[in-house]
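Just query-v4.txt here, compact mmCIF, C-alpha atoms:
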```
# COMPACT_ATOMS: atom_id res chain seq x y z
CA MET A 1 -23.33 3.90 36.31
CA SER A 2 -20.69 6.63 36.46
CA GLU A 3 -20.74 9.48 34.03
CA GLN A 4 -17.56 11.13 32.84
CA ASN A 5 -17.63 14.77 31.93
CA GLN A 6 -15.59 15.11 28.77
CA GLU A 7 -14.95 18.57 27.46
CA PRO A 8 -14.58 18.80 23.69
CA SER A 9 -10.96 19.29 22.79
CA ASN A 10 -9.97 22.56 21.19
CA GLN A 11 -6.65 21.02 20.20
CA PRO A 12 -6.07 20.57 16.48
CA PRO A 13 -5.87 16.90 15.49
CA GLY A 14 -2.13 17.20 14.94
CA SER A 15 -0.03 16.02 12.09
CA VAL A 16 1.40 12.92 10.54
CA LEU A 17 4.98 13.39 9.40
CA ALA A 18 6.47 11.41 6.52
CA ALA A 19 10.19 11.76 5.82
CA VAL A 20 10.66 11.30 2.08
CA ASP A 21 13.58 10.82 -0.30
CA PHE A 22 11.44 10.65 -3.49
CA SER A 23 12.05 6.90 -3.99
CA ASP A 24 9.25 4.42 -4.73
CA GLY A 25 9.59 3.09 -1.17
CA SER A 26 9.21 6.62 0.13
CA LEU A 27 6.10 7.07 -2.03
CA ALA A 28 4.56 3.92 -0.53
CA ALA A 29 5.36 5.17 2.99
CA ALA A 30 3.89 8.61 2.21
CA ALA A 31 0.73 6.96 0.81
CA TRP A 32 0.31 5.05 4.08
CA ALA A 33 0.90 8.27 6.02
CA ALA A 34 -1.68 10.10 3.89
CA GLU A 35 -4.31 7.44 4.55
CA TYR A 36 -3.55 7.51 8.27
CA ALA A 37 -3.68 11.33 8.35
CA GLY A 38 -7.07 11.17 6.62
CA PHE A 39 -8.33 8.63 9.16
CA LYS A 40 -7.15 10.84 12.04
CA GLY A 41 -8.30 14.12 10.48
CA ALA A 42 -4.71 15.31 10.73
CA ARG A 43 -2.61 17.22 8.28
CA LEU A 44 0.19 15.49 6.41
CA ILE A 45 3.68 16.96 6.45
CA LEU A 46 6.20 15.67 3.91
CA LEU A 47 9.76 16.37 5.02
CA HIS A 48 12.77 16.10 2.75
CA VAL A 49 16.30 16.58 4.00
CA VAL A 50 18.41 18.17 1.27
CA HIS A 51 21.96 16.89 1.10
CA GLU A 52 24.37 15.57 -1.49
CA PRO A 53 25.25 12.07 -0.35
CA ALA A 54 28.79 11.03 -1.20
CA GLU A 55 27.63 7.59 -2.31
CA LYS A 56 25.13 9.06 -4.81
CA PRO A 57 26.63 12.22 -6.27
CA GLY A 58 24.26 14.10 -8.52
CA PHE A 59 21.09 12.68 -6.91
CA TYR A 60 19.14 15.88 -7.49
CA ARG A 61 20.65 16.56 -10.90
CA ALA A 62 19.60 13.16 -12.24
CA GLU A 63 15.95 14.24 -12.13
CA ILE A 64 16.34 17.86 -13.10
CA ASP A 65 17.50 18.92 -16.54
CA ASP A 66 18.22 22.54 -15.59
CA SER A 67 21.74 22.67 -14.16
CA SER A 68 21.25 26.27 -13.01
CA LEU A 69 19.00 25.13 -10.15
CA THR A 70 20.36 25.01 -6.62
CA LEU A 71 20.00 21.76 -4.67
CA GLN A 72 17.11 23.35 -2.74
CA GLN A 73 15.32 24.38 -5.94
CA ALA A 74 15.86 20.93 -7.46
CA ALA A 75 14.49 19.29 -4.31
CA GLU A 76 11.45 21.56 -4.39
CA LYS A 77 10.80 20.64 -8.03
CA MET A 78 11.17 16.95 -7.18
CA MET A 79 8.77 17.40 -4.24
CA ARG A 80 6.12 18.89 -6.54
CA ARG A 81 6.41 15.81 -8.77
CA PHE A 82 6.33 13.55 -5.71
CA VAL A 83 3.16 15.22 -4.36
CA ALA A 84 1.51 14.85 -7.77
CA ARG A 85 2.37 11.14 -7.80
CA LEU A 86 1.09 10.77 -4.24
CA SER A 87 -2.16 12.55 -5.07
CA GLY A 88 -2.59 10.26 -8.07
CA ILE A 89 -2.48 7.08 -5.96
CA SER A 90 -4.38 8.37 -2.92
CA SER A 91 -8.00 7.50 -2.30
CA LEU A 92 -8.45 10.84 -0.52
CA PRO A 93 -9.78 13.46 -2.95
CA GLU A 94 -8.96 16.30 -0.54
CA LEU A 95 -5.35 15.18 -0.09
CA PRO A 96 -3.58 17.96 -2.04
CA GLY A 97 -5.08 20.60 0.27
CA ARG A 98 -3.96 18.72 3.39
CA ILE A 99 -0.29 18.36 2.49
CA GLU A 100 2.41 20.63 3.82
CA THR A 101 6.00 20.30 2.67
CA ALA A 102 9.18 21.08 4.54
CA PHE A 103 12.84 21.09 3.58
CA LEU A 104 15.88 21.02 5.82
CA ALA A 105 19.55 20.88 4.86
CA GLY A 106 21.91 18.47 6.55
CA LEU A 107 22.27 14.82 7.45
CA PRO A 108 18.88 13.07 7.27
CA ALA A 109 18.63 11.21 10.59
CA GLY A 110 19.59 14.14 12.80
CA ARG A 111 17.51 16.69 10.91
CA ILE A 112 14.44 14.41 10.92
CA VAL A 113 14.75 13.97 14.68
CA GLU A 114 15.06 17.75 15.15
CA PHE A 115 11.93 18.31 13.04
CA VAL A 116 10.04 15.73 15.10
CA GLU A 117 10.96 17.64 18.26
CA LEU A 118 9.65 20.88 16.75
CA THR A 119 6.40 19.55 15.28
CA GLN A 120 5.51 16.74 17.71
CA PRO A 121 3.61 14.65 15.15
CA LEU A 122 1.20 11.86 16.04
CA VAL A 123 3.52 9.51 14.18
CA LEU A 124 6.60 9.69 11.99
CA VAL A 125 6.50 7.45 8.92
CA VAL A 126 9.71 6.56 7.13
CA GLY A 127 10.28 4.28 4.18
CA ASN A 128 12.79 1.51 4.46
CA HIS A 129 15.21 0.41 1.82
CA GLY A 130 16.49 -2.14 4.30
CA VAL A 131 20.00 -3.32 4.84
CA SER A 132 21.76 -3.50 1.50
CA GLY A 133 21.36 -6.93 -0.04
CA SER A 134 19.28 -8.16 2.88
CA HIS A 135 15.73 -9.47 2.72
CA THR A 136 15.19 -9.14 6.46
CA MET A 137 12.84 -6.73 8.18
CA GLU A 138 15.78 -4.92 9.80
CA PRO A 139 15.61 -1.20 9.07
CA GLY A 140 18.33 0.52 7.10
CA GLY A 141 20.77 3.10 8.45
CA VAL A 142 18.68 6.28 8.49
CA ALA A 143 15.51 4.51 9.66
CA LYS A 144 17.41 2.75 12.43
CA GLN A 145 18.97 6.00 13.66
CA VAL A 146 15.61 7.77 13.61
CA ILE A 147 13.95 4.94 15.57
CA GLU A 148 16.64 5.21 18.23
CA MET A 149 16.50 9.01 18.58
CA ALA A 150 12.99 10.24 17.70
CA ALA A 151 10.70 11.47 20.46
CA ALA A 152 7.59 10.23 18.62
CA PRO A 153 6.25 6.87 17.51
CA VAL A 154 8.02 5.78 14.32
CA LEU A 155 6.42 3.54 11.72
CA VAL A 156 8.90 2.02 9.27
CA HIS A 157 7.06 1.16 6.06
CA LYS A 158 8.69 -1.49 3.95
CA PRO A 159 7.04 -1.99 0.56
```

With the file now loaded, output its structure as structure tokens.
Amino acid sequence: MSEQNQEPSNQPPGSVLAAVDFSDGSLAAAAWAAEYAGFKGARLILLHVVHEPAEKPGFYRAEIDDSSLTLQQAAEKMMRRFVARLSGISSLPELPGRIETAFLAGLPAGRIVEFVELTQPLVLVVGNHGVSGSHTMEPGGVAKQVIEMAAAPVLVHKP
């Protein structure tokens, strides 16, 4: 019988990254990511890319009643609500202390990929709205771009 000498790893367990847009699908994806992070003993990073999409003007303003907030401030306020919702559905009592949040400005797919390169997560979890009007498992635009470009495993969670 051969014996392998395994040194204990001093490496931190890493992170699980969930890219979120505050939708219900994003919440479901983040909940999966939280459970997986708990299983792995990893921290959970919730990333939101702040931008004003042309097809949904006023996205941040729809949730925030204070028009004096910047888009960044509105996104941060929405993230706090999102984290509270996530904590409320999680089976992990220590979850709030294991969540980090990050915000980047720009176009979602490219900025998510850049963040993956910087943080090197164990896995990137993205929600999937799917192709508009389609009931197939094909990922939507941002998810598809991220799958093609990310240098990490990508799990597309479709509720």

**Item:** A:Gly14, A:Tyr60, A:Gly25, A:Ile147 ranked by distance to Gly41 in chain A, top pick (using all atoms listed in the file)
**Value:**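 Result for the nearest residue to Gly41 in chain A: A:Gly14.
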
**Request:** Considering all atoms listed in the file, state which residue in the set A:Leu122, A:Val49, A:Ala33, A:Val16 is at the smallest distance from Ala102 in chain A.
**Result:**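 Selected residue with least distance to Ala102 in chain A: A:Val49.
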
**Prompt:** Which residue out of A:Lys158, A:His48, A:Arg98, A:Lys77 has the minimum interatomic distance to Ala18 in chain A when only C-alpha atoms are used?
**Reply:** A:His48

**Request:** Kindly indicate which residue among A:Val20, A:Val125, A:Leu118, A:Leu69 lies nearest to Leu86 in chain A, using all atoms listed in the file for the distances.
**Result:**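 Closest to Leu86 in chain A, using all atoms listed in the file: A:Val20.
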
**Item:** Selected residue of minimal separation from Leu44 in chain A among A:Asp24, A:Glu100, A:Glu117, A:Glu148, counting only C-alpha atoms
**Value:**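 That would be A:Glu100, the residue with the smallest distance to Leu44 in chain A.
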
**Request:** Kindly give the distance, in Å, that separates CA of Gly106 in chain A and CA of Ala150 in chain A, rounded to a single decimal.
**Result:** 16.5 Å

**Item:** Pick from A:Leu27, A:Pro121, A:Leu155, A:Ala143, whichever lies nearest to Arg81 in chain A using all atoms listed in the file
**Value:**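 Nearest candidate to Arg81 in chain A out of A:Leu27, A:Pro121, A:Leu155, A:Ala143: A:Leu27.
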
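Relative to CA of Gly127 in chain A, CA of Ala28 in chain A is found at 7.4 Å.
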
**Prompt:** By how many Å are CA of Phe82 in chain A and CA of Glu35 in chain A apart?
**Reply:** 16.0 Å

**Prompt:** Counting only C-alpha atoms, which residues come within 9 Å of (18.9, 21.6, -4.7), with the point read in the file's coordinates, and could you list them as a PyMOL selection string?
**Reply:** chain A and resi 50-52+60-61+69-77
